[in-house]
Each structure stands twice: as structure tokens, then as C-alpha cells.
Amino acid sequence: MLRALYDWTLSLAARKTAEIWLAVIAFIESSVFLIPADVLYLPMALARPERAYRYAIVATVASTLGGIAGYFLGLFAYDALARPVLDFYGKLDEFEQLRQCTGEDTIMLLLVTSGLAHLPPIKVVTILAGVVQISFGFFVLSCIIARGARFMALAWAMRRYGEPIRHFIEKRLGLIAGLAAAILILLYFAAKYLGGGALAAC
């Protein structure tokens with residue numbers, strides 16, 4: 001199923017309505033869809049590099065709105081809607097572990113790392129933010145900054161390097177971004193521990 005979803009998402013780049021589909025995928029990725037919007041964004045930006053930043057803005061706005069939808073799913077409809085979605089994608093155990101083992105300040109950090117590098121998956125963190133009622137203003141701001149930074153960085157890379165960088169991004173950038181996010185999380189916990197803060201036991 002995952003490969004079929006990936007291929008279908010990639011095929012949308014060739015359509016005349018690709019920009020609309022980019023907004024749709026970026027929106028639903030934040031709460032219910034498995035394939036990241038980057039899959040659609042990259043071939044679109046490569047085909048029309050002069051529109052790379054425009055596409056980045058579309059993806060950022062739609063992803064932020066989708067994140068808000070995920071936040072409200074967690075806040076008002078976790079048992080009825082959000083929980084079945086997480087269970088369907090096999091993310092329920094990961095969600096429950098995060099829910100039990102992280103405090104509000106840690107979730108704020110995860111909002112940034114998920115937006116930058118999908119670590120943890122965006123849909124997991126947006127729903128979790130609603131469940132634990134993270135500050136809505138901070139939530140929206142983190143979505144705009146983190147997701148905007150990711151798409152703008154991709155736009156810059158595609159404008160500057162074109163096709164060669166696309167293959168690097170598809171094969172390596174996710175790993176590099178994930179490692180950077182993991183290091184950020186580890187540094188945070190190290191600073192918290194060394195500073196005398198108590199870490200939640202799981």
C-alpha cells in the first residue's frame with residue numbers, strides 16, 4: 001500500500017492541477033496521510049524552478065492549516081477520529097508512548113523537529129499537541145517556522161542545483177535531517193538532565 005500511495009502522489013506532479021494537489025497533500029499529511037508533501041514538491045519545483053518559492057509558500061500554508069486540523073482532532077475528537085487514524089497507520093503505540101513519556105516543553109521541541117525532519121511523524125505530534133493542549137499560538141508559530149524552513153530550504157536547493165540535488169535530497173537529505181533532529185533532541189535532554197530537571201520515567 002505504501003508504494004502505491006507513493007507512486008500515486010508522485011504522479012500528481014504531472015497534472016495541470018499539481019499546485020492544488022500540493023496544497024491538498026501538504027494539508028492532509030499533517031493529520032491523516034502517510035506520504036510527505038516533499039514527494040510531490042520536488043518534481044514540481046524541478047519542472048518549474050521559477051515557481052519553487054511559490055510552491056514552498058503554498059506547501060507551508062497548507063501544511064500549517066493541516067497541522068491546525070490535526071491539533072483540533074486531538075483536542076476535540078481523539079477517541080472518535082484521531083485514535084482510529086493513528087491505529088490504521090500503525091502509529092498508535094508510538095503516540096501513546098510519547099503521550100506518557102513527554103512533558104509540555106518536550107512536545108514543543110518535537111513540534112520543531114517534526115516540522116523540519118518528520119521526526120517524529122508530523123501527524124503524531126500535531127494530534128498529540130491537541131491532546132495535551134499545547135499553547136495554540138506557539139503551535140501555529142512552530143508550524144510556520146519549522147515547515148516553512150524545510151520547504152524554503154528545498155526551494156533554494158532546487159533553484160540553485162536542479163536535477164543533481166534532487167537525487168541527493170531523495171536519498172540522503174531525509175537521513176541527514178533526521179540525524180540533525182535526533183542530535184537536537186539528545187542535546188535538549190542532556191541539558192535538561194545536567195541542569196537538574198527530572199525526566200519522565202516510562
# chains A, B, ... in the order shown; residues from 1 in each chain; ligands from 1
call {"tool": "closest_atom_pairs", "arguments": {"of": "segment 12-43 of chain A", "to": "segment 132-155 of chain A", "cutoff": "9 Å", "atoms": "only C-alpha atoms", "output": "CSV"}}
result
residue,atom,partner,partner_atom,distance
A:Asp38,CA,A:Phe151,CA,8.0
A:Tyr41,CA,A:Phe151,CA,8.5
A:Leu42,CA,A:Leu154,CA,7.8
call {"tool": "write_last_selection", "arguments": {"atoms": "N, CA and C atoms", "output": "PDB file, in the first residue's frame"}}
result
ATOM      1  N   ASP A  38       6.782  16.522   0.430  1.00  0.00           N
ATOM      2  CA  ASP A  38       8.059  16.670  -0.270  1.00  0.00           C
ATOM      3  C   ASP A  38       8.104  15.821  -1.542  1.00  0.00           C
ATOM      4  N   TYR A  41       6.392  17.909  -3.994  1.00  0.00           N
ATOM      5  CA  TYR A  41       7.031  19.209  -4.159  1.00  0.00           C
ATOM      6  C   TYR A  41       8.276  19.140  -5.043  1.00  0.00           C
ATOM      7  N   LEU A  42       9.121  18.145  -4.828  1.00  0.00           N
ATOM      8  CA  LEU A  42      10.407  18.088  -5.522  1.00  0.00           C
ATOM      9  C   LEU A  42      10.288  18.058  -7.049  1.00  0.00           C
TER      10      LEU A  42
END
call {"tool": "residues_around", "arguments": {"residues": "segment 82-97 of chain A", "least_positions_apart": "6", "cutoff": "10 Å", "atoms": "only C-alpha atoms", "output": "JSON, numbers by chain"}}
result
{"A": [31, 32, 33, 34, 70, 71, 72, 73, 74, 75, 76, 120, 121, 123, 124, 125, 127, 128, 131, 202]}
call {"tool": "write_last_selection", "arguments": {"atoms": "all heavy atoms", "output": "compact mmCIF listing (two decimals), in the first residue's frame"}}
result
# COMPACT_ATOMS: atom_id res chain seq x y z
N SER A 31 -2.20 15.40 9.32
CA SER A 31 -3.11 14.77 10.27
C SER A 31 -3.53 13.35 9.90
O SER A 31 -3.74 12.53 10.79
CB SER A 31 -4.36 15.64 10.45
OG SER A 31 -4.94 15.95 9.20
N VAL A 32 -3.67 13.04 8.59
CA VAL A 32 -4.22 11.73 8.25
C VAL A 32 -3.49 10.98 7.14
O VAL A 32 -3.75 9.80 6.93
CB VAL A 32 -5.72 11.85 7.86
CG1 VAL A 32 -6.54 12.39 9.01
CG2 VAL A 32 -5.89 12.73 6.61
N PHE A 33 -2.57 11.63 6.41
CA PHE A 33 -1.97 11.00 5.24
C PHE A 33 -0.54 10.57 5.53
O PHE A 33 0.17 11.23 6.30
CB PHE A 33 -2.01 11.95 4.04
CG PHE A 33 -1.76 11.29 2.71
CD1 PHE A 33 -2.56 10.26 2.26
CD2 PHE A 33 -0.72 11.73 1.89
CE1 PHE A 33 -2.34 9.67 1.02
CE2 PHE A 33 -0.49 11.15 0.66
CZ PHE A 33 -1.30 10.11 0.22
N LEU A 34 -0.09 9.50 4.89
CA LEU A 34 1.19 8.90 5.23
C LEU A 34 2.36 9.46 4.43
O LEU A 34 3.49 9.50 4.92
CB LEU A 34 1.10 7.38 5.00
CG LEU A 34 2.15 6.50 5.68
CD1 LEU A 34 2.13 6.70 7.19
CD2 LEU A 34 1.89 5.03 5.34
N GLY A 70 -5.15 18.86 12.62
CA GLY A 70 -4.70 17.76 13.46
C GLY A 70 -4.75 18.12 14.94
O GLY A 70 -5.11 17.30 15.78
N TYR A 71 -4.39 19.36 15.25
CA TYR A 71 -4.44 19.84 16.64
C TYR A 71 -5.87 19.74 17.18
O TYR A 71 -6.09 19.24 18.30
CB TYR A 71 -3.96 21.29 16.68
CG TYR A 71 -3.95 21.93 18.04
CD1 TYR A 71 -2.80 21.95 18.81
CD2 TYR A 71 -5.10 22.55 18.56
CE1 TYR A 71 -2.78 22.56 20.07
CE2 TYR A 71 -5.10 23.15 19.81
CZ TYR A 71 -3.94 23.15 20.56
OH TYR A 71 -3.93 23.75 21.80
N PHE A 72 -6.83 20.19 16.39
CA PHE A 72 -8.21 20.14 16.86
C PHE A 72 -8.79 18.72 16.88
O PHE A 72 -9.68 18.42 17.67
CB PHE A 72 -9.09 21.07 16.01
CG PHE A 72 -8.90 22.52 16.35
CD1 PHE A 72 -8.44 23.42 15.40
CD2 PHE A 72 -9.15 22.99 17.63
CE1 PHE A 72 -8.24 24.75 15.71
CE2 PHE A 72 -8.95 24.33 17.96
CZ PHE A 72 -8.50 25.21 17.00
N LEU A 73 -8.25 17.85 16.01
CA LEU A 73 -8.62 16.43 16.11
C LEU A 73 -8.21 15.87 17.46
O LEU A 73 -8.97 15.16 18.11
CB LEU A 73 -7.94 15.63 14.99
CG LEU A 73 -8.61 15.54 13.63
CD1 LEU A 73 -7.74 14.75 12.67
CD2 LEU A 73 -9.99 14.89 13.75
N GLY A 74 -7.00 16.21 17.87
CA GLY A 74 -6.52 15.75 19.17
C GLY A 74 -7.25 16.39 20.33
O GLY A 74 -7.51 15.75 21.35
N LEU A 75 -7.61 17.65 20.16
CA LEU A 75 -8.26 18.39 21.24
C LEU A 75 -9.71 17.98 21.44
O LEU A 75 -10.18 17.79 22.58
CB LEU A 75 -8.19 19.89 20.94
CG LEU A 75 -8.77 20.85 21.99
CD1 LEU A 75 -8.03 20.71 23.32
CD2 LEU A 75 -8.68 22.29 21.49
N PHE A 76 -10.45 17.79 20.33
CA PHE A 76 -11.90 17.57 20.43
C PHE A 76 -12.38 16.18 20.01
O PHE A 76 -13.50 15.80 20.37
CB PHE A 76 -12.64 18.61 19.58
CG PHE A 76 -12.46 20.03 20.05
CD1 PHE A 76 -11.81 20.95 19.24
CD2 PHE A 76 -12.90 20.43 21.29
CE1 PHE A 76 -11.63 22.26 19.65
CE2 PHE A 76 -12.73 21.75 21.72
CZ PHE A 76 -12.10 22.66 20.90
N PRO A 120 9.41 13.17 15.37
CA PRO A 120 8.56 12.04 14.93
C PRO A 120 7.65 12.48 13.78
O PRO A 120 7.63 13.66 13.44
CB PRO A 120 7.75 11.71 16.18
CG PRO A 120 8.40 12.45 17.31
CD PRO A 120 9.04 13.65 16.70
N PRO A 121 6.85 11.56 13.21
CA PRO A 121 5.96 11.94 12.12
C PRO A 121 5.05 13.12 12.50
O PRO A 121 4.57 13.20 13.63
CB PRO A 121 5.13 10.67 11.89
CG PRO A 121 6.03 9.56 12.33
CD PRO A 121 6.79 10.11 13.50
N LYS A 123 2.00 14.00 11.82
CA LYS A 123 0.63 13.73 12.26
C LYS A 123 0.58 13.30 13.72
O LYS A 123 -0.35 13.64 14.45
CB LYS A 123 -0.03 12.69 11.36
CG LYS A 123 0.60 11.31 11.36
CD LYS A 123 -0.01 10.39 10.35
CE LYS A 123 0.22 10.84 8.95
NZ LYS A 123 1.64 11.00 8.57
N VAL A 124 1.60 12.57 14.17
CA VAL A 124 1.65 12.12 15.55
C VAL A 124 1.77 13.30 16.50
O VAL A 124 1.06 13.41 17.50
CB VAL A 124 2.82 11.14 15.76
CG1 VAL A 124 3.01 10.82 17.25
CG2 VAL A 124 2.60 9.85 14.98
N VAL A 125 2.66 14.24 16.16
CA VAL A 125 2.94 15.36 17.06
C VAL A 125 1.81 16.40 17.03
O VAL A 125 1.47 16.98 18.07
CB VAL A 125 4.29 16.01 16.70
CG1 VAL A 125 4.61 17.14 17.67
CG2 VAL A 125 5.40 14.98 16.74
N ILE A 127 -1.41 15.87 16.51
CA ILE A 127 -2.53 15.34 17.29
C ILE A 127 -2.19 15.36 18.78
O ILE A 127 -3.03 15.73 19.62
CB ILE A 127 -2.89 13.92 16.82
CG1 ILE A 127 -3.47 13.97 15.40
CG2 ILE A 127 -3.88 13.25 17.77
CD1 ILE A 127 -3.69 12.62 14.75
N LEU A 128 -0.96 14.97 19.10
CA LEU A 128 -0.52 14.98 20.50
C LEU A 128 -0.58 16.38 21.10
O LEU A 128 -0.99 16.55 22.26
CB LEU A 128 0.90 14.43 20.59
CG LEU A 128 1.53 14.37 21.98
CD1 LEU A 128 0.73 13.47 22.91
CD2 LEU A 128 2.98 13.87 21.88
N VAL A 131 -4.08 16.98 22.10
CA VAL A 131 -4.48 16.16 23.24
C VAL A 131 -4.00 16.77 24.56
O VAL A 131 -4.74 16.84 25.55
CB VAL A 131 -3.96 14.71 23.10
CG1 VAL A 131 -4.15 13.93 24.39
CG2 VAL A 131 -4.67 14.00 21.95
N CYS A 202 9.37 6.05 31.90
CA CYS A 202 8.40 5.32 31.11
C CYS A 202 8.48 3.84 31.46
O CYS A 202 9.56 3.34 31.66
CB CYS A 202 8.66 5.51 29.63
SG CYS A 202 8.60 7.25 29.16
call {"tool": "closest_residue", "arguments": {"among": "A:Ile28, A:Val39, A:Leu12, A:Ala45", "to": "Ile122 of chain A", "atoms": "only C-alpha atoms"}}
result
A:Ile28
call {"tool": "atom_distance", "arguments": {"atom1": "atom CA of Leu81 of chain A", "atom2": "atom CA of Ala69 of chain A"}}
result
11.7 Å
call {"tool": "residues_around", "arguments": {"residues": "segment 61-67 of chain A", "least_positions_apart": "5", "cutoff": "6 Å", "atoms": "only C-alpha atoms", "output": "PyMOL selection string"}}
result
chain A and resi 23+26-28+30+126+143
call {"tool": "select_by_dssp", "arguments": {"residues": "segment 94-164 of chain A", "states": "helix (DSSP H, G or I)", "output": "number ranges by chain"}}
result
A: 94-101, 104-117, 122-131, 136-161, 163-164
call {"tool": "atom_distance", "arguments": {"atom1": "atom CA of Ala52 of chain A", "atom2": "atom CA of Arg159 of chain A"}}
result
6.9 Å
call {"tool": "atom_distance", "arguments": {"atom1": "atom CA of Leu40 of chain A", "atom2": "atom CA of Leu10 of chain A"}}
result
5.3 Å
call {"tool": "closest_residue", "arguments": {"among": "A:Asp7, A:Glu29, A:Glu19, A:Asp105", "to": "Met44 of chain A", "atoms": "only C-alpha atoms"}}
result
A:Glu19
